[in-house]
Amino acid sequence: MSRLGPVAATLLLLGAGDALVTHRLETLHGPRVTRWAASQEWSEATGDETWHVWPAKGAGGAARVVVHGSKSLAVWTLEGKRVAHGVIPWGTNVAVADFTGDGQEEIAVATENLPPAAPVSVQVVDQSMNEVTPNVGLLESLENPASVAIASFPGPRQVVAADFRGCLASLVGPELAWEYCFPNSKVGGDPYAVRHLLPVDAAGGLLLAGRATGEVDGIDAAGKRAWSFRLAEPLQTLAVARRDGGAEVAFAGGDKGRFALLDAATGQVRGSGTLPGMVMVARPAAWNGEPVIAAAGLAEPSIRHQYSGYVAMLDGRGARLAVTPVDGEVMDLVAADLDGDGTDELVAVTGAYRLLLLRPSGAVLIDEHVAEPSRTKLALVRGSAGPTLVVSAQSLEAKRVTHVDAPAWYAARPIGAAVGVVLLITLALLASLRPPPPQ
């Protein structure tokens, strides 16, 4: 019996070493170790500062890129050809969605006008900048516009614009369909602006409107409030994700790090918590085939007195799956499965002039320099050859992200087993060096 103790301890040590190394490698690199690279496919000057960039579906399902600048609107092919360009006033708000129901996506614009014209004009155009709906001026409903959306309500498509006071107005063609105002919407300015308008299919079709005060309302096709929620701090970002079974949840993130996950149909809180600081951006993502939320922003105070930014992964109940500190606050974030393993990779722009490709677990796969992080916007556009990363600042750049798997033996489990073997040999050698028992 006296010899069983050392044997058992040895086996436990070997198992612990194997498990620890395997878990750590799988967390950082996945089951297989992979080498990643990003190569530029093309780059074209835009001549304008970029405010937003979206993937869009063109004729026949062709991939398109819509670029919203400070004073321009353009549509590009995934091969780097600009197919349409228009000049817009500074401060114009833009949204991209299928307005006509033909599978191609149109562009809605809400523009601030100078007196004596109507304060806000709203119009939908196609990807060639041709008129789809008339340019309608709203004389009394809105002041300066803060956001616009194409709402997927049942029945005729509606275009909804919102302003800096907290009021919304919806158009069906040239006709005003309804008006809606949050409480205390008589004063304008950023603290009251409705900057987030997100259509959802929940409850037969709702429009989620997020106000900078922290209020989020679900509004139906008649302009009636279906539900209301208020975050305990100013709202910074709003995103929608689908859970298993198709149910939609809304993620509301605040400027101090608080967040809530809401049932998009009822507004009921499904989860809540606090992240390291301001939630500057959030995106739906997938981890091991399960829907999650990727939320990122500014860490206040800095993490470990070194990292001023973070990327967090949350499940559908708001539980933290991972929090990765990064150098510089995260200013934009996109997610897509680039290697087909059921887990999305994340691309982030940080205030430390870095463009990062990350695993949700935190492993940095690619680290590149960007010249203007505050003006750099991202989109992952799915083309016939797979996702293409589009990076837009003063120029529009397309990158092909590639990966090469290491040999089968250079993976988490084989390496973990090898560590166990090394420990076994080491222990055996140490045992052989023990002095003989006294005679």
# chains A, B, ... in the order shown; residues from 1 in each chain; ligands from 1
>>> residues_around(residues="range 294-302 of chain A", least_positions_apart="6", cutoff="6 Å", atoms="only C-alpha atoms", output="list in words")
Pro276, Gly277, Met278, Val279, Met280, Val281, Ala282, Arg283, Ser308, Gly309, Tyr310, Val311, Ala312, Met313, Glu329 and Val330 of chain A
>>> residues_around(residues="Asn144 in chain A", least_positions_apart="4", cutoff="8 Å", atoms="only C-alpha atoms", output="list of chain:residue names")
A:Thr111, A:Glu112, A:Pro119, A:Val120, A:Asp163, A:Phe164
>>> write_last_selection(atoms="N, CA and C atoms", output="PDB file, in the first residue's frame")
ATOM      1  N   THR A 111     -32.351  63.981 -44.083  1.00  0.00           N
ATOM      2  CA  THR A 111     -31.469  65.136 -44.257  1.00  0.00           C
ATOM      3  C   THR A 111     -32.023  66.351 -43.538  1.00  0.00           C
ATOM      4  N   GLU A 112     -31.133  67.093 -42.902  1.00  0.00           N
ATOM      5  CA  GLU A 112     -31.521  68.359 -42.284  1.00  0.00           C
ATOM      6  C   GLU A 112     -31.466  69.458 -43.334  1.00  0.00           C
ATOM      7  N   PRO A 119     -37.713  71.254 -41.927  1.00  0.00           N
ATOM      8  CA  PRO A 119     -36.502  70.938 -41.149  1.00  0.00           C
ATOM      9  C   PRO A 119     -35.861  69.613 -41.533  1.00  0.00           C
ATOM     10  N   VAL A 120     -36.675  68.604 -41.870  1.00  0.00           N
ATOM     11  CA  VAL A 120     -36.159  67.270 -42.183  1.00  0.00           C
ATOM     12  C   VAL A 120     -36.821  66.767 -43.455  1.00  0.00           C
ATOM     13  N   ASP A 163     -35.381  62.390 -34.241  1.00  0.00           N
ATOM     14  CA  ASP A 163     -34.615  63.623 -34.113  1.00  0.00           C
ATOM     15  C   ASP A 163     -33.908  63.713 -32.762  1.00  0.00           C
ATOM     16  N   PHE A 164     -33.276  64.860 -32.511  1.00  0.00           N
ATOM     17  CA  PHE A 164     -32.488  65.064 -31.300  1.00  0.00           C
ATOM     18  C   PHE A 164     -33.342  65.395 -30.076  1.00  0.00           C
TER      19      PHE A 164
END
>>> select_by_dssp(residues="range 126-177 of chain A", states="strand (DSSP E)", output="count of residues only")
25
>>> residues_around(residues="Ala118 in chain A", least_positions_apart="3", cutoff="9 Å", atoms="only C-alpha atoms", output="list in words")
Glu112, Asn113, Leu114, Pro115, Ser121, Val136, Gly137, Leu138, Leu139, Glu140 and Glu143 of chain A
>>> closest_residue(among="A:Ile150, A:Ala84, A:Ala110, A:Ala63", to="Asp98 in chain A", atoms="only C-alpha atoms")
A:Ile150
>>> closest_residue(among="A:Ala363, A:Ala285, A:Ala221, A:Ile303", to="Val334 in chain A", atoms="only C-alpha atoms")
A:Ala285
>>> residues_around(residues="range 173-189 of chain A", least_positions_apart="2", cutoff="8 Å", atoms="only C-alpha atoms", output="list in words")
Thr133, Pro134, Asn135, Val136, Ser141, Gln158, Phe164, Arg165, Gly166, Cys167, Leu168, Ala169, Ser170, Leu171, Pro191, Tyr192, Ala193, Ala222, Gly223 and Lys224 of chain A
>>> closest_residue(among="A:Arg320, A:Arg195, A:Lys57, A:Arg400", to="Gly103 in chain A", atoms="only C-alpha atoms")
A:Lys57
>>> residues_around(residues="Leu321 in chain A", least_positions_apart="6", cutoff="10 Å", atoms="only C-alpha atoms", output="list of chain:residue names")
A:Trp287, A:Val292, A:Ile293, A:Ala294, A:Ala312, A:Met313, A:Leu314, A:Asp315, A:Pro360, A:Ser361
>>> residues_around(residues="range 201-204 of chain A", least_positions_apart="6", cutoff="10 Å", atoms="only C-alpha atoms", output="VMD selection string")
chain A and resid 151 to 154 218 220 to 221 226 246 to 249 263 to 266
>>> residues_around(residues="Ala95 in chain A", least_positions_apart="4", cutoff="10 Å", atoms="only C-alpha atoms", output="list of chain:residue names")
A:His52, A:Trp54, A:Val66, A:His68, A:Glu105, A:Glu106, A:Ile107, A:Ala108, A:Val109, A:Ala110, A:Val124, A:Ser147, A:Val148, A:Ala149, A:Ile150, A:Val159, A:Leu197
>>> atom_distance(atom1="CA of Tyr353 in chain A", atom2="CA of Val87 in chain A")
29.6 Å
>>> closest_residue(among="A:Ala260, A:Ala336, A:Val75, A:Val132", to="Thr100 in chain A", atoms="only C-alpha atoms")
A:Val132
>>> select_by_dssp(residues="range 169-304 of chain A", states="helix (DSSP H, G or I)", output="list in words")
Asp190, Pro191, Tyr192, Ala202, Ala203 and Gly204 of chain A
>>> atom_distance(atom1="CA of Gly214 in chain A", atom2="CA of Gly254 in chain A")
7.4 Å
>>> closest_residue(among="A:Val160, A:Ala146, A:Ala385, A:Val53", to="Val65 in chain A", atoms="only C-alpha atoms")
A:Val53
>>> closest_residue(among="A:Asp367, A:Leu378, A:Ala117, A:Glu345", to="Leu333 in chain A", atoms="only C-alpha atoms")
A:Leu378
>>> atom_distance(atom1="CA of Ser374 in chain A", atom2="CA of Asp190 in chain A")
18.9 Å
